[in-house]
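Pasting entry-v3.cif here (mmCIF, C-alpha atoms and all ligand atoms):
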```cif
data_model
#
loop_
_atom_site.label_atom_id
_atom_site.label_comp_id
_atom_site.auth_asym_id
_atom_site.auth_seq_id
_atom_site.Cartn_x
_atom_site.Cartn_y
_atom_site.Cartn_z
CA MET H 1 5.66 25.87 -19.21
CA LYS H 2 3.04 23.21 -18.47
CA LYS H 3 0.04 24.14 -16.30
CA LEU H 4 0.67 22.92 -12.77
CA ILE H 5 -2.16 20.98 -11.13
CA THR H 6 -2.03 20.54 -7.37
CA LEU H 7 -3.36 17.45 -5.64
CA GLY H 8 -6.02 19.57 -3.92
CA GLU H 9 -7.28 20.89 -7.27
CA PHE H 10 -7.15 17.43 -8.82
CA ILE H 11 -9.19 15.87 -6.00
CA ILE H 12 -11.91 18.51 -6.37
CA GLU H 13 -11.92 18.38 -10.20
CA ASN H 14 -12.31 14.60 -10.17
CA GLU H 15 -14.82 14.38 -7.36
CA SER H 16 -17.78 14.13 -9.73
CA SER H 17 -16.35 11.05 -11.49
CA PHE H 18 -16.64 9.18 -8.19
CA PRO H 19 -19.97 7.30 -8.08
CA TYR H 20 -21.08 8.39 -4.59
CA ALA H 21 -19.54 11.85 -4.74
CA THR H 22 -20.59 14.03 -1.84
CA GLY H 23 -17.21 15.63 -1.22
CA GLU H 24 -16.60 13.50 1.85
CA LEU H 25 -14.11 11.15 0.23
CA SER H 26 -12.26 14.22 -1.03
CA LYS H 27 -12.06 15.55 2.51
CA LEU H 28 -10.73 12.23 3.73
CA LEU H 29 -8.08 12.18 0.99
CA ASN H 30 -7.15 15.72 1.96
CA GLY H 31 -6.63 14.56 5.54
CA LEU H 32 -4.30 11.80 4.37
CA ARG H 33 -2.47 14.26 2.13
CA LEU H 34 -1.82 16.54 5.10
CA ALA H 35 -0.65 13.74 7.42
CA GLY H 36 1.66 12.60 4.59
CA LYS H 37 3.30 16.02 4.57
CA MET H 38 3.90 15.90 8.31
CA VAL H 39 5.38 12.41 8.15
CA ASN H 40 7.49 13.44 5.16
CA HIS H 41 8.91 16.34 7.15
CA GLU H 42 9.76 14.04 10.04
CA VAL H 43 11.21 11.27 7.85
CA ASN H 44 13.47 13.83 6.18
CA LYS H 45 14.86 14.76 9.57
CA ALA H 46 15.46 11.16 10.62
CA GLY H 47 19.22 11.35 10.17
CA LEU H 48 19.46 14.65 12.02
CA VAL H 49 17.51 14.25 15.18
CA ASP H 50 17.44 11.60 17.81
CA ILE H 51 14.17 10.10 16.64
CA ILE H 52 15.44 6.98 14.94
CA GLY H 53 15.72 3.69 16.80
CA GLY H 54 13.33 1.59 18.83
CA ALA H 55 10.60 3.26 20.80
CA GLY H 56 10.75 0.49 23.33
CA GLU H 57 7.46 -0.99 22.18
CA VAL H 58 6.67 -4.10 20.19
CA ASN H 59 3.85 -3.97 17.62
CA VAL H 60 1.08 -6.54 17.20
CA GLN H 61 3.18 -8.71 14.90
CA GLY H 62 5.91 -8.95 17.55
CA GLU H 63 8.29 -6.70 15.58
CA SER H 64 10.18 -3.98 17.39
CA GLN H 65 8.63 -0.63 16.73
CA GLN H 66 10.59 2.47 15.84
CA LYS H 67 9.75 5.99 16.85
CA LEU H 68 8.78 7.12 13.38
CA ASP H 69 6.25 4.28 13.15
CA VAL H 70 4.60 5.67 16.25
CA PHE H 71 4.77 9.22 14.92
CA ALA H 72 3.27 8.25 11.55
CA ASN H 73 0.56 6.16 13.20
CA ASP H 74 -0.46 9.05 15.47
CA LYS H 75 -0.46 11.63 12.66
CA PHE H 76 -2.57 9.55 10.28
CA ILE H 77 -5.04 8.54 12.98
CA GLN H 78 -5.39 12.17 14.04
CA ALA H 79 -5.80 13.38 10.46
CA ILE H 80 -8.53 10.81 9.80
CA LYS H 81 -10.33 11.53 13.08
CA ASN H 82 -10.24 15.29 12.50
CA ARG H 83 -12.21 15.02 9.27
CA ASP H 84 -15.28 13.43 10.91
CA ILE H 85 -15.78 11.33 7.77
CA ALA H 86 -14.54 7.88 8.75
CA CYS H 87 -16.16 5.73 11.42
CA GLY H 88 -13.23 3.37 11.97
CA ILE H 89 -9.56 2.68 11.35
CA VAL H 90 -7.39 -0.42 11.15
CA SER H 91 -3.67 0.24 11.50
CA GLU H 92 -0.76 -2.16 11.30
CA GLU H 93 0.45 -0.66 14.57
CA VAL H 94 -2.76 -1.23 16.54
CA GLU H 95 -4.11 -4.66 17.47
CA GLU H 96 -7.87 -3.93 17.48
CA PHE H 97 -9.81 -1.74 15.11
CA ILE H 98 -10.34 1.84 16.25
CA THR H 99 -13.85 3.29 16.52
CA ILE H 100 -14.07 6.97 15.66
CA HIS H 101 -16.57 9.04 17.57
CA GLY H 102 -17.54 12.25 15.82
CA SER H 103 -17.62 15.67 17.48
CA ASP H 104 -21.11 14.86 18.83
CA SER H 105 -19.81 11.43 19.98
CA SER H 106 -21.85 9.71 17.23
CA ASN H 107 -20.38 7.06 14.90
CA ASN H 108 -21.76 8.66 11.76
CA GLY H 109 -18.79 8.39 9.40
CA LYS H 110 -19.42 6.69 6.08
CA TYR H 111 -15.97 5.20 5.49
CA VAL H 112 -13.41 2.93 7.11
CA VAL H 113 -9.68 3.43 6.54
CA LEU H 114 -7.10 0.63 6.73
CA MET H 115 -3.46 1.61 6.72
CA ASP H 116 0.16 0.77 7.23
CA PRO H 117 1.40 4.14 8.48
CA LEU H 118 5.09 3.46 7.82
CA ASP H 119 5.87 0.43 5.68
CA GLY H 120 9.45 -0.78 5.42
CA SER H 121 10.32 1.05 8.61
CA SER H 122 13.45 -1.04 9.24
CA ASN H 123 14.92 1.06 6.39
CA ILE H 124 14.58 4.40 8.17
CA ASP H 125 17.79 4.41 10.12
CA VAL H 126 19.82 3.65 6.98
CA ASN H 127 18.26 6.44 4.89
CA VAL H 128 16.37 4.17 2.50
CA SER H 129 12.87 4.98 1.19
CA VAL H 130 9.81 4.04 3.22
CA GLY H 131 6.10 4.54 2.57
CA THR H 132 2.56 4.85 3.88
CA ILE H 133 -0.18 2.64 2.41
CA PHE H 134 -3.94 3.24 2.73
CA SER H 135 -7.18 1.58 1.69
CA ILE H 136 -10.70 3.04 1.99
CA PHE H 137 -14.08 1.25 2.01
CA ARG H 138 -17.65 2.36 2.54
CA ARG H 139 -18.96 0.84 5.75
CA ILE H 140 -21.47 -2.03 5.51
CA THR H 141 -23.30 -1.37 8.77
CA PRO H 142 -25.83 1.49 8.84
CA ILE H 143 -24.52 4.98 9.48
CA GLY H 144 -25.07 5.95 13.10
CA THR H 145 -24.67 2.40 14.45
CA PRO H 146 -21.34 1.33 15.97
CA VAL H 147 -18.73 0.28 13.41
CA GLU H 148 -18.22 -3.51 13.41
CA LEU H 149 -15.53 -5.98 12.42
CA LYS H 150 -17.41 -6.84 9.23
CA ASP H 151 -16.98 -3.24 8.02
CA PHE H 152 -13.25 -3.96 7.79
CA LEU H 153 -13.42 -7.54 6.51
CA GLN H 154 -14.56 -6.70 2.98
CA PRO H 155 -12.87 -8.09 -0.13
CA GLY H 156 -10.47 -5.68 -1.86
CA SER H 157 -12.83 -5.42 -4.83
CA ALA H 158 -15.09 -3.23 -2.65
CA GLN H 159 -12.38 -0.59 -2.08
CA VAL H 160 -13.43 2.92 -3.07
CA ALA H 161 -9.94 4.38 -2.91
CA ALA H 162 -6.39 3.28 -2.19
CA GLY H 163 -2.95 4.75 -2.42
CA TYR H 164 0.50 5.19 -0.99
CA ILE H 165 2.98 7.88 -0.17
CA VAL H 166 6.59 7.05 -0.93
CA TYR H 167 9.13 9.04 1.06
CA GLY H 168 11.96 8.68 -1.43
CA THR H 169 14.43 10.87 -3.29
CA SER H 170 11.24 12.79 -4.00
CA THR H 171 8.11 12.29 -1.95
CA MET H 172 5.11 11.20 -3.96
CA LEU H 173 1.48 10.42 -3.27
CA VAL H 174 -0.03 7.92 -5.71
CA TYR H 175 -3.71 7.05 -5.49
CA THR H 176 -6.77 5.70 -7.24
CA THR H 177 -10.51 6.05 -6.75
CA GLY H 178 -11.19 3.38 -9.37
CA ASN H 179 -10.63 5.68 -12.30
CA GLY H 180 -6.95 5.08 -13.11
CA VAL H 181 -3.85 5.88 -11.09
CA ASN H 182 -2.29 9.31 -10.68
CA GLY H 183 0.94 10.33 -8.99
CA PHE H 184 1.74 13.65 -7.30
CA THR H 185 5.18 14.85 -6.24
CA ILE H 186 5.82 17.26 -3.36
CA ASN H 187 7.65 20.41 -4.28
CA PRO H 188 9.69 20.82 -1.08
CA ALA H 189 10.09 24.57 -1.59
CA LEU H 190 6.32 25.14 -1.66
CA GLY H 191 5.14 22.15 0.36
CA SER H 192 2.49 21.30 -2.26
CA TYR H 193 1.90 18.09 -4.21
CA TYR H 194 1.79 18.55 -8.00
CA LEU H 195 0.46 16.13 -10.59
CA SER H 196 3.67 14.66 -12.03
CA HIS H 197 2.59 11.18 -13.18
CA PRO H 198 -0.89 11.31 -14.73
CA ASN H 199 -2.69 8.09 -15.65
CA ILE H 200 0.08 5.64 -14.75
CA LYS H 201 0.01 2.29 -16.59
CA ILE H 202 2.24 -0.67 -15.73
CA PRO H 203 4.03 -2.02 -18.80
CA GLU H 204 2.45 -5.36 -19.78
CA SER H 205 5.80 -7.08 -19.26
CA GLY H 206 9.10 -6.03 -17.76
CA SER H 207 12.60 -7.16 -16.92
CA ILE H 208 12.82 -6.64 -13.15
CA TYR H 209 11.96 -9.12 -10.40
CA SER H 210 11.88 -8.04 -6.75
CA VAL H 211 12.03 -10.68 -4.04
CA ASN H 212 14.07 -11.43 -0.92
CA LEU H 213 16.30 -14.11 -2.44
CA GLY H 214 17.85 -14.68 0.99
CA ASN H 215 14.75 -16.75 1.70
CA TYR H 216 15.16 -18.86 -1.47
CA VAL H 217 15.70 -22.19 0.29
CA HIS H 218 12.39 -21.72 2.10
CA PHE H 219 10.34 -20.80 -1.01
CA PRO H 220 7.62 -23.08 -2.44
CA LYS H 221 8.69 -25.09 -5.52
CA GLY H 222 6.68 -22.91 -7.94
CA VAL H 223 8.47 -19.74 -6.79
CA LYS H 224 11.89 -21.42 -6.93
CA ASN H 225 11.17 -22.48 -10.50
CA TYR H 226 9.96 -19.01 -11.47
CA VAL H 227 13.15 -17.49 -9.99
CA LYS H 228 15.22 -19.96 -12.06
CA TYR H 229 13.18 -18.89 -15.12
CA CYS H 230 13.99 -15.20 -14.37
CA GLN H 231 17.67 -16.10 -14.20
CA GLN H 232 17.81 -18.10 -17.43
CA GLU H 233 19.46 -16.62 -20.49
CA GLU H 234 16.82 -16.42 -23.20
CA GLY H 235 15.18 -13.47 -25.00
CA SER H 236 15.06 -10.53 -22.56
CA ARG H 237 16.16 -12.79 -19.71
CA PRO H 238 17.99 -12.94 -17.36
CA TYR H 239 15.94 -10.24 -15.64
CA SER H 240 17.47 -7.73 -13.24
CA LEU H 241 16.96 -8.35 -9.54
CA ARG H 242 16.01 -5.19 -7.61
CA TYR H 243 14.95 -5.46 -3.98
CA ILE H 244 14.80 -2.43 -1.71
CA GLY H 245 12.93 -4.13 1.12
CA SER H 246 10.23 -1.43 1.21
CA MET H 247 7.29 -2.75 -0.76
CA VAL H 248 6.02 0.71 -1.64
CA SER H 249 9.37 1.64 -3.20
CA ASP H 250 9.81 -1.70 -4.97
CA PHE H 251 6.26 -1.55 -6.28
CA HIS H 252 6.57 2.10 -7.32
CA ARG H 253 9.65 1.35 -9.43
CA ASN H 254 8.10 -1.75 -10.98
CA MET H 255 4.88 0.12 -11.79
CA LEU H 256 6.82 2.76 -13.71
CA LYS H 257 9.33 0.43 -15.38
CA GLY H 258 7.57 -2.92 -15.57
CA GLY H 259 8.39 -5.80 -13.25
CA ILE H 260 7.11 -8.21 -10.62
CA TYR H 261 7.18 -7.88 -6.82
CA MET H 262 6.97 -11.13 -4.83
CA TYR H 263 6.59 -11.94 -1.16
CA PRO H 264 5.70 -15.65 -1.16
CA ASN H 265 4.72 -17.85 1.73
CA ASP H 266 7.69 -19.94 2.80
CA THR H 267 8.55 -22.60 5.32
CA LYS H 268 9.10 -19.92 8.02
CA ASN H 269 6.14 -17.65 7.15
CA LYS H 270 3.55 -20.26 6.20
CA LYS H 271 0.93 -17.64 5.31
CA GLY H 272 3.40 -15.14 3.85
CA LYS H 273 4.54 -11.96 5.57
CA LEU H 274 2.48 -9.15 4.11
CA ARG H 275 -0.90 -8.13 5.44
CA LEU H 276 -3.92 -8.54 3.18
CA LEU H 277 -5.98 -5.59 4.37
CA TYR H 278 -3.52 -2.71 4.40
CA GLU H 279 -0.62 -3.91 2.26
CA ALA H 280 -1.79 -6.37 -0.43
CA ASN H 281 -5.32 -5.02 -1.09
CA PRO H 282 -4.46 -1.36 -1.69
CA ILE H 283 -1.43 -2.24 -3.82
CA ALA H 284 -3.60 -4.75 -5.74
CA PHE H 285 -6.23 -2.06 -6.43
CA LEU H 286 -3.55 0.31 -7.74
CA THR H 287 -2.00 -2.51 -9.76
CA GLU H 288 -5.27 -3.38 -11.49
CA GLN H 289 -6.14 0.25 -12.08
CA ALA H 290 -2.77 0.56 -13.83
CA ASN H 291 -3.54 -2.53 -15.99
CA GLY H 292 -1.37 -4.90 -13.94
CA LYS H 293 -2.20 -8.06 -12.00
CA ALA H 294 -2.06 -8.98 -8.30
CA SER H 295 -2.33 -12.57 -7.07
CA ASP H 296 -1.63 -14.87 -4.13
CA GLY H 297 -0.19 -17.36 -6.61
CA TYR H 298 -3.59 -18.82 -7.48
CA ASN H 299 -6.32 -16.24 -6.86
CA ARG H 300 -6.96 -12.60 -7.57
CA ILE H 301 -6.03 -10.75 -4.35
CA MET H 302 -9.10 -8.50 -4.50
CA ASP H 303 -11.48 -11.48 -4.54
CA ILE H 304 -10.24 -12.86 -1.21
CA VAL H 305 -12.72 -12.46 1.64
CA PRO H 306 -10.67 -11.65 4.76
CA SER H 307 -11.28 -13.40 8.07
CA GLU H 308 -9.12 -11.26 10.38
CA ILE H 309 -7.80 -7.71 10.28
CA HIS H 310 -4.08 -8.53 10.48
CA GLN H 311 -4.33 -11.51 8.11
CA ARG H 312 -1.20 -12.35 6.10
CA ILE H 313 -1.14 -13.42 2.47
CA PRO H 314 1.43 -14.52 -0.15
CA PHE H 315 1.67 -11.60 -2.59
CA PHE H 316 2.70 -11.25 -6.23
CA CYS H 317 1.99 -8.12 -8.25
CA GLY H 318 3.11 -6.09 -11.21
CA SER H 319 3.23 -6.52 -14.97
CA THR H 320 0.37 -8.80 -16.05
CA LYS H 321 2.43 -11.16 -18.20
CA MET H 322 5.02 -11.66 -15.47
CA VAL H 323 2.42 -12.42 -12.79
CA GLU H 324 0.65 -14.83 -15.18
CA LYS H 325 3.96 -16.59 -15.78
CA LEU H 326 4.54 -16.88 -12.02
CA GLU H 327 1.04 -18.35 -11.60
CA SER H 328 1.74 -20.90 -14.34
CA PHE H 329 4.78 -22.15 -12.36
CA TYR H 330 2.70 -22.23 -9.17
CA SER H 331 0.06 -24.47 -10.69
CA GLN H 332 2.57 -27.03 -12.04
P1 LIG H 401 6.71 -3.99 7.60
O1 LIG H 401 5.26 -3.61 7.40
O2 LIG H 401 6.98 -4.57 8.95
O3 LIG H 401 7.63 -2.84 7.27
O4 LIG H 401 7.00 -5.20 6.58
C1 LIG H 401 6.67 -5.08 5.24
C2 LIG H 401 7.93 -4.99 4.45
C3 LIG H 401 7.72 -4.67 3.00
O5 LIG H 401 7.67 -3.30 2.76
C4 LIG H 401 8.96 -5.28 2.40
O6 LIG H 401 8.85 -5.55 1.03
C5 LIG H 401 9.16 -6.51 3.21
O7 LIG H 401 8.54 -6.25 4.47
C6 LIG H 401 10.59 -6.82 3.44
O8 LIG H 401 10.68 -7.97 4.21
P2 LIG H 401 12.02 -8.84 4.24
O9 LIG H 401 13.01 -8.03 5.00
O10 LIG H 401 11.61 -10.10 4.95
O11 LIG H 401 12.43 -9.08 2.82
MG MG H 402 4.09 -2.91 6.42
#
```
This structure in structure tokens:
Amino acid sequence: MKKLITLGEFIIENESSFPYATGELSKLLNGLRLAGKMVNHEVNKAGLVDIIGGAGEVNVQGESQQKLDVFANDKFIQAIKNRDIACGIVSEEVEEFITIHGSDSSNNGKYVVLMDPLDGSSNIDVNVSVGTIFSIFRRITPIGTPVELKDFLQPGSAQVAAGYIVYGTSTMLVYTTGNGVNGFTINPALGSYYLSHPNIKIPESGSIYSVNLGNYVHFPKGVKNYVKYCQQEEGSRPYSLRYIGSMVSDFHRNMLKGGIYMYPNDTKNKKGKLRLLYEANPIAFLTEQANGKASDGYNRIMDIVPSEIHQRIPFFCGSTKMVEKLESFYSQ
């Protein structure tokens, strides 16, 4: 039998490979790991208890919020605050950034965390996988001073860690600290995450494309032409279309099998739908760490300097050759 490595052991063993290792990032990751377990437990019960459905609130993007979004948001915020390591949080569910005051009411945390606590949440009440996405930066402002907007508006290339939890047929936490991508699966009997997918690499090319084709008529010309290319019969094409509607799940599958995920801008969503800071950036970091490519159609996602915390961006990521092909159609 293979030696089992838990996520907790893995985080500690790999701490020294992290350039600024002081153990604090490990503690923060441990907080996220714990909140992930709590959300997993709740998501698993979604069909059983009366927790699904709208919570009667509307989030900052004007979308109706469901109870599990609120639950996940609260649990992750609490888990991050409890560790006394981060000085601020941006969440998809909260309009302004959150300042964290430590136990002595200081603002001494070294890191900021940006997250989408429950991505794809419209899938919950139909028992389809959802996920949590997180991105971690070192703050720019001096420790001890109040956290500022500029601490959150850093380009993705400055991320020190990023990851997601996919609440699927199995629940997995997949993360990177800039040293490759590793995936851990929860053993539900023991409640622990075990290393199940070490050193994940995205195949250089693939045969899956993931996009909401219902929006086809609204797509830019370059995307329409790339979709036609995917559908043509030649070589390994036509490619299979797979679209779950939860980016974490679509990305997770494509990362393991090879493929491209696309959420373009269109005539309805002129800037795209996905959020740069807590959806595109962390997935782009994971993509690159797994040898893939993430782009807005023209530019590397992680080079984009954000101007607002809930900024939207067209997003294409996955197998390098497929994303390059998409970009070549874009530039025509
Ligand atoms: P959300 O953060 O409101 O859940 O939106 C993000 C989700 C992605 O996970 C998913 O890929 C996409 O929105 C689906 O959108 P659409 O239904 O427009 O295809
Ligand atoms: Mg989301």
Residues within 12 Å of ligand MG 402 (chain H) should be enumerated using all atoms listed in the file and returned as JSON, numbers by chain. {"H": [59, 60, 61, 63, 65, 69, 73, 91, 92, 93, 114, 115, 116, 117, 118, 119, 120, 121, 122, 123, 130, 131, 132, 133, 134, 164, 245, 246, 247, 248, 249, 273, 274, 275, 276, 277, 278, 279, 280, 282, 283, 310, 312]}
Identify the residues around (-12.3, 15.1, -9.1) within a radius of 12 Å, measuring from all atoms listed in the file in the coordinates stated by the file, and give them as a VMD selection string. chain H and resid 5 to 27 29 176 to 179 182
Give the answer as one residue: which of H:Gly31, H:Gly180, H:Gly318, H:Pro220 has the shortest atom-to-atom distance to Ala294 (chain H), using all atoms listed in the file?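 Counting all atoms listed in the file, the residue closest to Ala294 (chain H) is H:Gly318.
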Looking at H:His218, H:Arg83, H:Arg139, H:Asn199, which one is nearest to Leu256 (chain H), with distances taken over only C-alpha atoms? H:Asn199
I'd like the contact shell of region 313-317 of chain H - 10 Å cut-off, all atoms listed in the file, skipping same-chain residues fewer than 6 positions apart - returned as an MDAnalysis selection string. chainID H and resid 210:211 251 254:255 259:266 269:277 279:281 283:284 287:288 292:298 300:301 304 306 323:324 326:327
With a distance cut-off of 10 Å and all atoms listed in the file, select the neighbouring residues of Ile186 (chain H), excluding the residue or stretch itself and same-chain residues fewer than 3 positions from it, and output the selection as a list in words.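 After dropping sequence-adjacent residues, the list is Thr6, Leu7, Lys37, Asn40, Tyr167, Ser170, Thr171, Met172, Leu173, Ala189, Leu190, Gly191, Ser192, Tyr193, Tyr194, Leu195 and Ser196 of chain H.
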note - CA of Phe152 (chain H) and CA of Ile309 (chain H) are separated by 7.1 Å
Length of the CA of Ile80 (chain H) to CA of Asn107 (chain H) vector [Å]: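 Rounded to one decimal, the two atoms are 13.4 Å apart.
One distance worth recording is that between CA of Ile100 (chain H) and CA of Asn82 (chain H), which is 9.7 Å.
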Compile the contact shell of Val174 (chain H) as a PDB file with C-alpha atoms, keeping the file's coordinate frame: residues with an atom at most 10 Å away, counting all atoms listed in the file, same-chain residues fewer than 6 positions apart removed.
```
ATOM      1  CA  ILE H 133      -0.180   2.640   2.410  1.00  0.00           C
ATOM      2  CA  ALA H 162      -6.390   3.280  -2.190  1.00  0.00           C
ATOM      3  CA  GLY H 163      -2.950   4.750  -2.420  1.00  0.00           C
ATOM      4  CA  TYR H 164       0.500   5.190  -0.990  1.00  0.00           C
ATOM      5  CA  ILE H 165       2.980   7.880  -0.170  1.00  0.00           C
ATOM      6  CA  VAL H 166       6.590   7.050  -0.930  1.00  0.00           C
ATOM      7  CA  VAL H 181      -3.850   5.880 -11.090  1.00  0.00           C
ATOM      8  CA  ASN H 182      -2.290   9.310 -10.680  1.00  0.00           C
ATOM      9  CA  GLY H 183       0.940  10.330  -8.990  1.00  0.00           C
ATOM     10  CA  PHE H 184       1.740  13.650  -7.300  1.00  0.00           C
ATOM     11  CA  THR H 185       5.180  14.850  -6.240  1.00  0.00           C
ATOM     12  CA  LEU H 195       0.460  16.130 -10.590  1.00  0.00           C
ATOM     13  CA  SER H 196       3.670  14.660 -12.030  1.00  0.00           C
ATOM     14  CA  HIS H 197       2.590  11.180 -13.180  1.00  0.00           C
ATOM     15  CA  PRO H 198      -0.890  11.310 -14.730  1.00  0.00           C
ATOM     16  CA  ILE H 200       0.080   5.640 -14.750  1.00  0.00           C
ATOM     17  CA  HIS H 252       6.570   2.100  -7.320  1.00  0.00           C
ATOM     18  CA  LEU H 286      -3.550   0.310  -7.740  1.00  0.00           C
TER      19      LEU H 286
END
```
Which residue out of H:Ser157, H:Thr169, H:Asn212, H:Thr141 has the minimum interatomic distance to ligand LIG 401 (chain H) when all atoms listed in the file are used?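 Of the candidates, the smallest distance to ligand LIG 401 (chain H) is held by H:Asn212.
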Can you sort out the box for region 190-206 of chain H, edges along x, y and z, all listed atoms in, 5 Å on every side, with centre and edge lengths in Å to one decimal, as lines of an AutoDock Vina configuration file?
```
center_x = 3.2
center_y = 9.0
center_z = -9.7
size_x = 21.8
size_y = 42.2
size_z = 30.1
```
Using all atoms listed in the file: which of H:Gln311, H:Gln289, H:Ser236, H:Asn215 has the shortest distance to ligand LIG 401 (chain H):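 Of the candidates, the smallest distance to ligand LIG 401 (chain H) is held by H:Asn215.
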Residues within 12 Å of Ser207 (chain H), please, as an MDAnalysis selection string. Count all atoms listed in the file; anything in the same chain fewer than 2 positions from it doesn't count. chainID H and resid 203:205 209:210 229:231 234:242 253:261 318:319 321:322
Go through H:Ala79, H:Ile140, H:Ile244, H:Val227 and flag the residue nearest Ala158 (chain H), using all atoms listed in the file for the distances. H:Ile140
Nearest to ligand LIG 401 (chain H) by atom-to-atom distance, counting only C-alpha atoms and all ligand atoms, from H:Ala86, H:Leu68, H:Leu153, H:Leu34: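 Selected residue with least distance to ligand LIG 401 (chain H): H:Leu68.
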Rebuild region 1-12 of chain H so that it carries N, CA, C and O atoms, then output the result as a PDB file, in the frame of the given file.
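Okay, out_32.pdb is ready:
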```pdb
ATOM      1  N   MET H   1       5.679  26.690 -20.448  1.00  0.00           N
ATOM      2  CA  MET H   1       5.660  25.870 -19.210  1.00  0.00           C
ATOM      3  C   MET H   1       4.287  25.198 -19.060  1.00  0.00           C
ATOM      4  O   MET H   1       3.257  25.821 -19.329  1.00  0.00           O
ATOM      5  N   LYS H   2       4.303  23.944 -18.628  1.00  0.00           N
ATOM      6  CA  LYS H   2       3.040  23.210 -18.470  1.00  0.00           C
ATOM      7  C   LYS H   2       2.234  23.775 -17.305  1.00  0.00           C
ATOM      8  O   LYS H   2       2.806  24.253 -16.327  1.00  0.00           O
ATOM      9  N   LYS H   3       0.883  23.679 -17.417  1.00  0.00           N
ATOM     10  CA  LYS H   3       0.040  24.140 -16.300  1.00  0.00           C
ATOM     11  C   LYS H   3       0.236  23.192 -15.111  1.00  0.00           C
ATOM     12  O   LYS H   3       0.182  21.966 -15.277  1.00  0.00           O
ATOM     13  N   LEU H   4       0.484  23.758 -13.953  1.00  0.00           N
ATOM     14  CA  LEU H   4       0.670  22.920 -12.770  1.00  0.00           C
ATOM     15  C   LEU H   4      -0.673  22.637 -12.126  1.00  0.00           C
ATOM     16  O   LEU H   4      -1.483  23.543 -11.944  1.00  0.00           O
ATOM     17  N   ILE H   5      -0.912  21.352 -11.814  1.00  0.00           N
ATOM     18  CA  ILE H   5      -2.160  20.980 -11.130  1.00  0.00           C
ATOM     19  C   ILE H   5      -1.791  20.454  -9.753  1.00  0.00           C
ATOM     20  O   ILE H   5      -0.989  19.515  -9.637  1.00  0.00           O
ATOM     21  N   THR H   6      -2.334  21.050  -8.715  1.00  0.00           N
ATOM     22  CA  THR H   6      -2.030  20.540  -7.370  1.00  0.00           C
ATOM     23  C   THR H   6      -2.951  19.365  -7.046  1.00  0.00           C
ATOM     24  O   THR H   6      -4.015  19.203  -7.663  1.00  0.00           O
ATOM     25  N   LEU H   7      -2.539  18.586  -6.054  1.00  0.00           N
ATOM     26  CA  LEU H   7      -3.360  17.450  -5.640  1.00  0.00           C
ATOM     27  C   LEU H   7      -4.733  17.925  -5.154  1.00  0.00           C
ATOM     28  O   LEU H   7      -5.759  17.328  -5.465  1.00  0.00           O
ATOM     29  N   GLY H   8      -4.752  19.030  -4.416  1.00  0.00           N
ATOM     30  CA  GLY H   8      -6.020  19.570  -3.920  1.00  0.00           C
ATOM     31  C   GLY H   8      -6.968  19.891  -5.074  1.00  0.00           C
ATOM     32  O   GLY H   8      -8.149  19.535  -5.041  1.00  0.00           O
ATOM     33  N   GLU H   9      -6.445  20.550  -6.102  1.00  0.00           N
ATOM     34  CA  GLU H   9      -7.280  20.890  -7.270  1.00  0.00           C
ATOM     35  C   GLU H   9      -7.753  19.619  -7.975  1.00  0.00           C
ATOM     36  O   GLU H   9      -8.898  19.501  -8.381  1.00  0.00           O
ATOM     37  N   PHE H  10      -6.842  18.669  -8.109  1.00  0.00           N
ATOM     38  CA  PHE H  10      -7.150  17.430  -8.820  1.00  0.00           C
ATOM     39  C   PHE H  10      -8.268  16.655  -8.096  1.00  0.00           C
ATOM     40  O   PHE H  10      -9.197  16.147  -8.724  1.00  0.00           O
ATOM     41  N   ILE H  11      -8.174  16.600  -6.773  1.00  0.00           N
ATOM     42  CA  ILE H  11      -9.190  15.870  -6.000  1.00  0.00           C
ATOM     43  C   ILE H  11     -10.562  16.507  -6.229  1.00  0.00           C
ATOM     44  O   ILE H  11     -11.553  15.815  -6.484  1.00  0.00           O
ATOM     45  N   ILE H  12     -10.625  17.825  -6.179  1.00  0.00           N
ATOM     46  CA  ILE H  12     -11.910  18.510  -6.370  1.00  0.00           C
ATOM     47  C   ILE H  12     -12.415  18.321  -7.800  1.00  0.00           C
ATOM     48  O   ILE H  12     -13.578  17.970  -8.032  1.00  0.00           O
TER      49      ILE H  12
END
```
